[in-house]
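> What follows is a single structure, and I will ask about it in a moment.
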Amino acid sequence: MFEYAPAPESRAAAGEIASSNGHFIGGEFVGSSGKEALKTVDPSTEEVLAEFAQGTEEDVERAVKAARDAFGPWSALPGAERGKYLFRIARIIQERSRELAVLESIDNGKPIRETRDVDLPLVAAHFFYYAGWADKLEFASYGPDPKPVGVAAQVIPWNFPLLMLAWKIAPALATGNTVVLKPAETTPLTALRFAEICRQAGLPKGVVNIVTGDGRTGAALTAHPGVDKVAFTGSTEVGRAIARTLAGTRTRLSLELGGKAANIVFDDAPVDQAVEGIVDGIFFNQGHVCCAGSRLLVQESVHDEVMESLKRRMATLRVGDPLDKNTDVGAINSAAQLARIRELADAGEAEGAERWSPACELPSSGYWFAPTVFTNVSATHRVAREEIFGPVLSVLTFRTPEEAVAKANNTPYGLSAGIWTEKGSRILWMASKLRAGVVWSNTFNKFDPTSPFGGYKESGYGREGGRHGLEAYLDV
Ligand code: NDP
């Protein structure tokens with residue numbers, strides 16, 4: 001086997017990272033009304049990257065007011081004019097994509113190959129896509145003159161910081177809303193850099209506001225009586241808390257929560273392609289993916305063959321420096337997430353499942369977890385039921401398509417699923433039976449701004465992306 005020479009991307013490409021950061025409110029970078037500051041670290045080294053403000057209720061109040069003041073003029077602009085700003089933002093994102101990709105990798109821990117080739121192209125594509133809708137809303141089938149909802153409060157997680165921002169902000173702005181967005185406390189840097197891009201694009205003040213902070217800031221923002229719409233992506237637990245707070249109010253809510261997707265491999269599937277899909281399904285982005293294919297369902301007759309190929313392929317995964325262009329699996333985003341992954345993996349072993357990881361040397365500092373697979377898993381094991389949100393795959397078997405459907409649907413979640421078979425009729429039959437918002441056939445983790453994304457059951461409600469994604473921000 002060839003040795004890989006290091007292929008490091010330049011850290012300097014991320015540009016200057018300010019050591020201390022405030023919020024972005026009313027088009028200005030402003031300090032917090034409170035004194036508390038949080039730190040964000042590079043999860044691959046634990047080095048502190050920057051301090052940022054813990055948003056207070058007063059900061060949230062200021063941001064909501066700025067968004068409210070901006071709403072009238074912004075929503076009154078002709079759609080084509082709003083579209084021009086979004087096209088401009090999309091082009092600037094493309095121009096600054098290397099800088100943003102490096103910054104995202106440093107703050108999040110994900111490999112540069114993914115931020116460069118997946119996250120950033122999708123971020124730009126979302127802004128281009130919704131820019132195109134801005135002057136065509138009357139053709140979106142939501143009535144002849146659809147109106148925006150008003151001020152949107154948007155709370156996003158740390159797994160795709162800039163991409164989740166794009167999923168939230170692009171459709172909101174295209175439809176004439178203004179926003180206050182709170183990034184996750186472990187990954188605030190690209191949202192603050194995006195605020196600079198809003199200024200560069202000349203976006204009117206107050207249309208986009210960014211308030212940083214932890215869950216307390218998120219709670220203050222989503223409970224604020226001055227917002228008309230809340231859009232949340234994150235854990236089912238926090239999603240439930242927000243739904244409880246908003247019950248009985250007029251605030252609209254869309255939730256994109258967790259998942260425990262089944263990736264189903266039939267005996268007629270091309271094994272090599274399926275193995276690539278399994279690897280992409282669970283090891284992409286360290287498995288920090290709500291729609292990750294974390295439960296592999298393999299038809300019993302090909303179980304041994306698939307597992308042998310999968311283990312051989314896993315042994316070639318390169319875990320390490322996120323800025324090395326050869327890296328496949330980067331760092332776990334935070335110490336807390338690493339602890340959660342370890343706890344669930346240990347529970348899998350304690351409950352009797354068989355654990356396997358390839359031999360791989362993990363760096364001595366930072367947060368790391370080797371790609372792991374559990375076999376002999378039963379449907380009652382915690383590793384088969386709970387969202388691990390890490391590079392951990394649980395393998396179950398089935399004999400018939402009916403059993404595959406029953407096992408795939410045996411989860412409180414319903415975000416995504418994958419089917420690997422050469423029979424088109426079986427794909428269609430399975431897709432109609434699976435209770436999942438997205439069903440991929442002979443592929444996995446494919447995203448496109450034109451296609452709606454969202455869940456059933458405890459995976460949430462509402463759709464993001466595509467024409468359907470406009471509905472969440474229109475008063476229909
Ligand atoms: P959270 O749901 O806590 O975080 C998501 C966002 O919500 C963050 O911006 C967070 O802020 C904010 N938040 C936290 N508490 C509140 C609150 N009470 N009201 C409003 N907003 C709040 O996810 P975690 O980061 O704690 O991850 C825990 C687990 O959740 C993971 O192990 C994974 O299983 C799941 N998860 C699922 C995601 C998905 O895409 N479906 C994404 C992230 C996590 P802050 O980051 O500052 O706490």
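For the structure tokens, the naming scheme is as follows: chains receive sequential letters (A, B, ...) according to their order of presentation, residues are indexed from 1 within each chain, and ligands are indexed from 1 in presentation order.
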Show me which residues are within 8 Å of ligand 1 counting only C-alpha atoms and all ligand atoms, and format the list as JSON, numbers by chain.

{"A": [155, 156, 157, 158, 159, 182, 183, 184, 185, 186, 187, 213, 214, 215, 216, 217, 218, 219, 220, 221, 222, 232, 233, 234, 235, 236, 237, 238, 239, 241, 242, 256, 257, 258, 259, 288, 289, 290, 291, 337, 340, 341, 386, 387, 388, 389, 390, 459]}

> Would you export the selected residues with C-alpha atoms as an mmCIF file, in the first residue's frame, please?


```cif
data_model
loop_
_atom_site.group_PDB
_atom_site.id
_atom_site.type_symbol
_atom_site.label_atom_id
_atom_site.label_comp_id
_atom_site.auth_asym_id
_atom_site.auth_seq_id
_atom_site.Cartn_x
_atom_site.Cartn_y
_atom_site.Cartn_z
ATOM 1 C CA VAL A 155 -31.709 28.271 15.993
ATOM 2 C CA ILE A 156 -29.209 25.951 14.346
ATOM 3 C CA PRO A 157 -26.878 23.118 15.438
ATOM 4 C CA TRP A 158 -23.139 22.591 15.103
ATOM 5 C CA ASN A 159 -22.970 19.724 12.610
ATOM 6 C CA LYS A 182 -28.440 31.881 16.827
ATOM 7 C CA PRO A 183 -25.580 29.567 15.840
ATOM 8 C CA ALA A 184 -24.500 26.699 18.123
ATOM 9 C CA GLU A 185 -22.134 27.574 20.940
ATOM 10 C CA THR A 186 -19.375 25.281 19.642
ATOM 11 C CA THR A 187 -19.448 26.665 16.073
ATOM 12 C CA GLY A 213 -24.639 32.270 22.951
ATOM 13 C CA ASP A 214 -25.599 28.927 24.396
ATOM 14 C CA GLY A 215 -28.961 27.246 24.959
ATOM 15 C CA ARG A 216 -30.118 30.060 27.266
ATOM 16 C CA THR A 217 -29.859 32.511 24.363
ATOM 17 C CA GLY A 218 -31.699 30.021 22.136
ATOM 18 C CA ALA A 219 -34.465 29.694 24.720
ATOM 19 C CA ALA A 220 -34.802 33.484 25.078
ATOM 20 C CA LEU A 221 -34.957 33.915 21.305
ATOM 21 C CA THR A 222 -37.477 31.164 20.575
ATOM 22 C CA PHE A 232 -35.214 24.983 14.831
ATOM 23 C CA THR A 233 -32.771 22.224 13.926
ATOM 24 C CA GLY A 234 -31.269 20.145 16.721
ATOM 25 C CA SER A 235 -32.106 17.505 19.273
ATOM 26 C CA THR A 236 -35.603 16.098 19.765
ATOM 27 C CA GLU A 237 -35.398 17.027 23.436
ATOM 28 C CA VAL A 238 -34.859 20.751 22.788
ATOM 29 C CA GLY A 239 -37.383 20.643 19.921
ATOM 30 C CA ALA A 241 -39.182 22.087 24.867
ATOM 31 C CA ILE A 242 -39.624 24.750 22.179
ATOM 32 C CA GLU A 256 -35.958 19.398 12.093
ATOM 33 C CA LEU A 257 -34.843 16.958 14.770
ATOM 34 C CA GLY A 258 -32.938 13.724 15.134
ATOM 35 C CA GLY A 259 -32.949 10.473 13.198
ATOM 36 C CA HIS A 288 -22.786 14.017 13.014
ATOM 37 C CA VAL A 289 -25.655 13.902 10.547
ATOM 38 C CA CYS A 290 -29.330 13.830 11.511
ATOM 39 C CA CYS A 291 -30.140 11.683 8.457
ATOM 40 C CA GLN A 337 -20.450 14.951 22.115
ATOM 41 C CA ARG A 340 -22.095 10.890 24.579
ATOM 42 C CA ILE A 341 -20.723 8.725 21.764
ATOM 43 C CA GLU A 386 -30.911 6.008 20.169
ATOM 44 C CA GLU A 387 -29.318 8.628 17.979
ATOM 45 C CA ILE A 388 -25.559 8.343 18.609
ATOM 46 C CA PHE A 389 -24.580 11.210 16.300
ATOM 47 C CA GLY A 390 -21.096 9.819 15.818
ATOM 48 C CA SER A 459 -37.886 13.744 13.567
#
```

> Quick one: residues within 10 Å of Tyr461 of chain A, only C-alpha atoms, excluding same-chain residues fewer than 5 positions away - as an MDAnalysis selection string?

chainID A and resid 253:257 415 437 453:456

> Quick one: pick out all strand (DSSP E or B) residues within segment 28-58 of chain A from a backbone DSSP run and write them as number ranges by chain.

A: 28-30, 37-42, 47-53

> Kindly export the residues of the current selection with N, CA and C atoms, as an mmCIF file, in the first residue's frame.


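For reference, selection_13.cif as written:
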```cif
data_model
loop_
_atom_site.group_PDB
_atom_site.id
_atom_site.type_symbol
_atom_site.label_atom_id
_atom_site.label_comp_id
_atom_site.auth_asym_id
_atom_site.auth_seq_id
_atom_site.Cartn_x
_atom_site.Cartn_y
_atom_site.Cartn_z
ATOM 1 N N GLU A 28 -24.687 46.119 12.349
ATOM 2 C CA GLU A 28 -23.416 46.471 12.999
ATOM 3 C C GLU A 28 -22.956 45.336 13.892
ATOM 4 N N PHE A 29 -21.623 45.247 14.066
ATOM 5 C CA PHE A 29 -21.084 44.328 15.073
ATOM 6 C C PHE A 29 -21.110 45.068 16.405
ATOM 7 N N VAL A 30 -21.831 44.536 17.359
ATOM 8 C CA VAL A 30 -22.036 45.254 18.620
ATOM 9 C C VAL A 30 -21.656 44.360 19.804
ATOM 10 N N ALA A 37 -18.648 35.788 28.530
ATOM 11 C CA ALA A 37 -18.135 35.410 27.203
ATOM 12 C C ALA A 37 -17.911 33.904 27.182
ATOM 13 N N LEU A 38 -18.109 33.309 26.001
ATOM 14 C CA LEU A 38 -17.863 31.869 25.827
ATOM 15 C C LEU A 38 -16.648 31.713 24.914
ATOM 16 N N LYS A 39 -16.107 30.501 24.912
ATOM 17 C CA LYS A 39 -14.940 30.256 24.054
ATOM 18 C C LYS A 39 -15.285 29.170 23.037
ATOM 19 N N THR A 40 -14.775 29.320 21.831
ATOM 20 C CA THR A 40 -14.906 28.225 20.875
ATOM 21 C C THR A 40 -13.516 27.659 20.611
ATOM 22 N N VAL A 41 -13.420 26.321 20.545
ATOM 23 C CA VAL A 41 -12.112 25.693 20.373
ATOM 24 C C VAL A 41 -12.047 24.940 19.050
ATOM 25 N N ASP A 42 -10.818 24.712 18.599
ATOM 26 C CA ASP A 42 -10.580 23.812 17.475
ATOM 27 C C ASP A 42 -10.659 22.394 18.049
ATOM 28 N N GLU A 47 -7.315 23.826 20.981
ATOM 29 C CA GLU A 47 -6.807 25.202 21.059
ATOM 30 C C GLU A 47 -7.994 26.177 21.022
ATOM 31 N N VAL A 48 -7.951 27.192 21.903
ATOM 32 C CA VAL A 48 -9.027 28.191 21.890
ATOM 33 C C VAL A 48 -8.871 29.064 20.654
ATOM 34 N N LEU A 49 -9.957 29.186 19.881
ATOM 35 C CA LEU A 49 -9.893 29.983 18.657
ATOM 36 C C LEU A 49 -10.326 31.420 18.904
ATOM 37 N N ALA A 50 -11.370 31.596 19.719
ATOM 38 C CA ALA A 50 -11.904 32.938 19.934
ATOM 39 C C ALA A 50 -12.890 32.927 21.102
ATOM 40 N N GLU A 51 -13.095 34.113 21.618
ATOM 41 C CA GLU A 51 -14.179 34.307 22.595
ATOM 42 C C GLU A 51 -15.346 34.942 21.863
ATOM 43 N N PHE A 52 -16.543 34.639 22.327
ATOM 44 C CA PHE A 52 -17.708 35.287 21.729
ATOM 45 C C PHE A 52 -18.748 35.539 22.816
ATOM 46 N N ALA A 53 -19.682 36.428 22.509
ATOM 47 C CA ALA A 53 -20.608 36.906 23.544
ATOM 48 C C ALA A 53 -21.690 35.881 23.864
#
```

> Go through A:Lys35, A:Lys205, A:Arg252, A:Arg113 one by one, measure the shortest atom-to-atom distance of each to Gly462 of chain A using only C-alpha atoms, and give the residue with the smallest value.

A:Arg252

> So that I can see what lies close to Tyr4 of chain A, please list as a PyMOL selection string the residues with an atom at most 12 Å from it, counting only C-alpha atoms and leaving out residues fewer than 4 positions away in the same chain.

chain A and resi 8+316+318+324-327

> Which residue is closest to Leu100 of chain A? Choose from A:Ser451, A:Thr190, A:Gln299, A:Thr380 and count only C-alpha atoms.

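For Leu100 of chain A, the nearest of the candidates is A:Thr190.
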
> Just list as a PDB file with C-alpha atoms, in the first residue's frame whatever in segment 31-194 of chain A DSSP marks as helix (DSSP H, G or I).


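The resulting file, states28.pdb, is reproduced below:
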```
ATOM      1  CA  GLU A  57     -32.357  38.640  26.973  1.00  0.00           C
ATOM      2  CA  GLU A  58     -31.589  42.287  26.325  1.00  0.00           C
ATOM      3  CA  ASP A  59     -29.410  41.382  23.319  1.00  0.00           C
ATOM      4  CA  VAL A  60     -32.214  39.192  21.963  1.00  0.00           C
ATOM      5  CA  GLU A  61     -34.656  42.057  22.496  1.00  0.00           C
ATOM      6  CA  ARG A  62     -32.412  44.412  20.522  1.00  0.00           C
ATOM      7  CA  ALA A  63     -31.998  41.925  17.682  1.00  0.00           C
ATOM      8  CA  VAL A  64     -35.733  41.204  17.412  1.00  0.00           C
ATOM      9  CA  LYS A  65     -36.430  44.930  17.351  1.00  0.00           C
ATOM     10  CA  ALA A  66     -33.849  45.462  14.576  1.00  0.00           C
ATOM     11  CA  ALA A  67     -35.462  42.645  12.572  1.00  0.00           C
ATOM     12  CA  ARG A  68     -38.932  44.121  13.164  1.00  0.00           C
ATOM     13  CA  ASP A  69     -37.824  47.601  12.054  1.00  0.00           C
ATOM     14  CA  ALA A  70     -36.277  46.128   8.902  1.00  0.00           C
ATOM     15  CA  PHE A  71     -39.289  43.965   8.077  1.00  0.00           C
ATOM     16  CA  GLY A  72     -41.558  46.680   6.596  1.00  0.00           C
ATOM     17  CA  PRO A  73     -39.125  48.021   3.980  1.00  0.00           C
ATOM     18  CA  TRP A  74     -37.630  44.580   3.190  1.00  0.00           C
ATOM     19  CA  SER A  75     -40.965  42.890   2.636  1.00  0.00           C
ATOM     20  CA  ALA A  76     -42.147  45.837   0.522  1.00  0.00           C
ATOM     21  CA  GLY A  79     -39.158  40.213  -5.254  1.00  0.00           C
ATOM     22  CA  ALA A  80     -36.627  40.832  -8.032  1.00  0.00           C
ATOM     23  CA  GLU A  81     -34.818  43.357  -5.809  1.00  0.00           C
ATOM     24  CA  ARG A  82     -34.655  40.917  -2.874  1.00  0.00           C
ATOM     25  CA  GLY A  83     -33.424  38.324  -5.321  1.00  0.00           C
ATOM     26  CA  LYS A  84     -30.535  40.593  -6.354  1.00  0.00           C
ATOM     27  CA  TYR A  85     -29.252  40.690  -2.759  1.00  0.00           C
ATOM     28  CA  LEU A  86     -29.488  36.904  -2.489  1.00  0.00           C
ATOM     29  CA  PHE A  87     -27.679  36.398  -5.791  1.00  0.00           C
ATOM     30  CA  ARG A  88     -24.990  38.771  -4.553  1.00  0.00           C
ATOM     31  CA  ILE A  89     -24.621  36.846  -1.285  1.00  0.00           C
ATOM     32  CA  ALA A  90     -24.406  33.575  -3.232  1.00  0.00           C
ATOM     33  CA  ARG A  91     -21.664  34.940  -5.480  1.00  0.00           C
ATOM     34  CA  ILE A  92     -19.659  36.311  -2.537  1.00  0.00           C
ATOM     35  CA  ILE A  93     -19.922  32.909  -0.818  1.00  0.00           C
ATOM     36  CA  GLN A  94     -18.466  31.325  -3.954  1.00  0.00           C
ATOM     37  CA  GLU A  95     -15.704  33.911  -4.121  1.00  0.00           C
ATOM     38  CA  SER A  97     -15.499  29.680  -0.358  1.00  0.00           C
ATOM     39  CA  ARG A  98     -11.933  28.627   0.439  1.00  0.00           C
ATOM     40  CA  GLU A  99     -11.789  31.001   3.410  1.00  0.00           C
ATOM     41  CA  LEU A 100     -15.181  29.808   4.673  1.00  0.00           C
ATOM     42  CA  ALA A 101     -14.318  26.122   4.168  1.00  0.00           C
ATOM     43  CA  VAL A 102     -11.099  26.411   6.157  1.00  0.00           C
ATOM     44  CA  LEU A 103     -12.799  28.404   8.927  1.00  0.00           C
ATOM     45  CA  GLU A 104     -15.603  25.832   9.128  1.00  0.00           C
ATOM     46  CA  SER A 105     -13.131  22.938   9.331  1.00  0.00           C
ATOM     47  CA  ILE A 106     -11.164  24.659  12.097  1.00  0.00           C
ATOM     48  CA  ASP A 107     -14.226  25.496  14.212  1.00  0.00           C
ATOM     49  CA  ASN A 108     -16.174  22.289  13.579  1.00  0.00           C
ATOM     50  CA  ILE A 112     -11.592  20.115   4.547  1.00  0.00           C
ATOM     51  CA  ARG A 113     -12.500  17.733   1.710  1.00  0.00           C
ATOM     52  CA  GLU A 114     -16.106  17.872   2.944  1.00  0.00           C
ATOM     53  CA  THR A 115     -16.338  21.601   3.716  1.00  0.00           C
ATOM     54  CA  ARG A 116     -14.685  22.382   0.371  1.00  0.00           C
ATOM     55  CA  ASP A 117     -16.583  19.890  -1.815  1.00  0.00           C
ATOM     56  CA  VAL A 118     -19.924  19.474  -0.020  1.00  0.00           C
ATOM     57  CA  ASP A 119     -20.788  22.174   2.531  1.00  0.00           C
ATOM     58  CA  LEU A 120     -19.688  25.296   0.679  1.00  0.00           C
ATOM     59  CA  PRO A 121     -21.028  24.360  -2.791  1.00  0.00           C
ATOM     60  CA  LEU A 122     -24.379  23.521  -1.164  1.00  0.00           C
ATOM     61  CA  VAL A 123     -24.419  26.766   0.832  1.00  0.00           C
ATOM     62  CA  ALA A 124     -23.945  28.802  -2.352  1.00  0.00           C
ATOM     63  CA  ALA A 125     -26.453  26.623  -4.220  1.00  0.00           C
ATOM     64  CA  HIS A 126     -29.135  27.297  -1.574  1.00  0.00           C
ATOM     65  CA  PHE A 127     -28.722  31.046  -1.923  1.00  0.00           C
ATOM     66  CA  PHE A 128     -28.758  30.835  -5.729  1.00  0.00           C
ATOM     67  CA  TYR A 129     -31.816  28.586  -5.661  1.00  0.00           C
ATOM     68  CA  TYR A 130     -33.923  30.750  -3.337  1.00  0.00           C
ATOM     69  CA  ALA A 131     -32.708  33.935  -5.059  1.00  0.00           C
ATOM     70  CA  GLY A 132     -34.420  32.512  -8.121  1.00  0.00           C
ATOM     71  CA  TRP A 133     -37.715  32.091  -6.272  1.00  0.00           C
ATOM     72  CA  LEU A 137     -43.550  33.473  -5.476  1.00  0.00           C
ATOM     73  CA  GLU A 138     -46.947  33.872  -7.113  1.00  0.00           C
ATOM     74  CA  PHE A 139     -46.144  30.737  -9.144  1.00  0.00           C
ATOM     75  CA  PRO A 161     -23.008  25.363  10.765  1.00  0.00           C
ATOM     76  CA  LEU A 162     -22.983  27.339   7.529  1.00  0.00           C
ATOM     77  CA  LEU A 163     -25.213  24.948   5.595  1.00  0.00           C
ATOM     78  CA  MET A 164     -27.914  25.038   8.283  1.00  0.00           C
ATOM     79  CA  LEU A 165     -27.643  28.829   8.249  1.00  0.00           C
ATOM     80  CA  ALA A 166     -28.221  28.772   4.473  1.00  0.00           C
ATOM     81  CA  TRP A 167     -31.198  26.386   4.809  1.00  0.00           C
ATOM     82  CA  LYS A 168     -32.741  28.846   7.246  1.00  0.00           C
ATOM     83  CA  ILE A 169     -31.797  32.292   5.965  1.00  0.00           C
ATOM     84  CA  ALA A 170     -32.094  31.859   2.160  1.00  0.00           C
ATOM     85  CA  PRO A 171     -35.816  30.904   2.011  1.00  0.00           C
ATOM     86  CA  ALA A 172     -36.713  33.360   4.797  1.00  0.00           C
ATOM     87  CA  LEU A 173     -35.179  36.317   2.959  1.00  0.00           C
ATOM     88  CA  ALA A 174     -36.444  35.282  -0.473  1.00  0.00           C
ATOM     89  CA  LEU A 189     -17.402  31.540  13.657  1.00  0.00           C
ATOM     90  CA  THR A 190     -18.809  31.016  10.165  1.00  0.00           C
ATOM     91  CA  ALA A 191     -22.119  32.652  11.114  1.00  0.00           C
ATOM     92  CA  LEU A 192     -20.193  35.737  12.231  1.00  0.00           C
ATOM     93  CA  ARG A 193     -18.199  35.653   8.992  1.00  0.00           C
ATOM     94  CA  PHE A 194     -21.499  35.398   7.112  1.00  0.00           C
TER      95      PHE A 194
END
```

> What's the separation between atom CA of Glu471 of chain A and atom CA of Thr178 of chain A, in Å to one decimal place?

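Interatomic distance here is 15.3 Å.
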
> Kindly give the distance, in Å, that separates atom CA of Ala417 of chain A and atom CA of Ala292 of chain A, rounded to a single decimal.

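Atom CA of Ala292 of chain A lies at a distance of 8.7 Å from atom CA of Ala417 of chain A.
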
> Which one of A:Pro188, A:Gly150, A:Gly469, A:Gly34 sits closest to Val230 of chain A if you count only C-alpha atoms?

A:Gly150

> Kindly indicate which residue among A:Val302, A:Val180, A:Asn21, A:Ala262 lies nearest to Asn410 of chain A, using only C-alpha atoms for the distances.

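Smallest distance to Asn410 of chain A is found for A:Ala262.
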
> Given only C-alpha atoms as the basis, pick out the residue of A:Pro449, A:Glu402, A:Arg295, A:Gly248 nearest to Trp429 of chain A.

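Among A:Pro449, A:Glu402, A:Arg295, A:Gly248, it is A:Glu402 that comes nearest to Trp429 of chain A.
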
> So which one's closest to Gly202 of chain A, A:Gly277, A:Gly27, A:Thr375, A:Glu354? Using only C-alpha atoms, please.

A:Gly27

> Might you pull out every residue within 9 Å of Leu474 of chain A, with only C-alpha atoms counted and same-chain residues fewer than 4 positions away left off, and present them as a list in words?

Tyr142, Pro146, Lys147, Pro148, Val149, Gly150, Ala172, Thr175, Gly176, Asn177 and Leu470 of chain A

> What's the separation between atom CA of Leu77 of chain A and atom CA of Asp228 of chain A, in Å to one decimal place?

19.6 Å

> Can you tell me which residues surround Gly330 of chain A at a distance of at most 10 Å, considering only C-alpha atoms, apart from same-chain residues fewer than 6 positions away, and format the answer as a PyMOL selection string?

chain A and resi 43-44+105+108-112+114+283-286+318-324+367-370
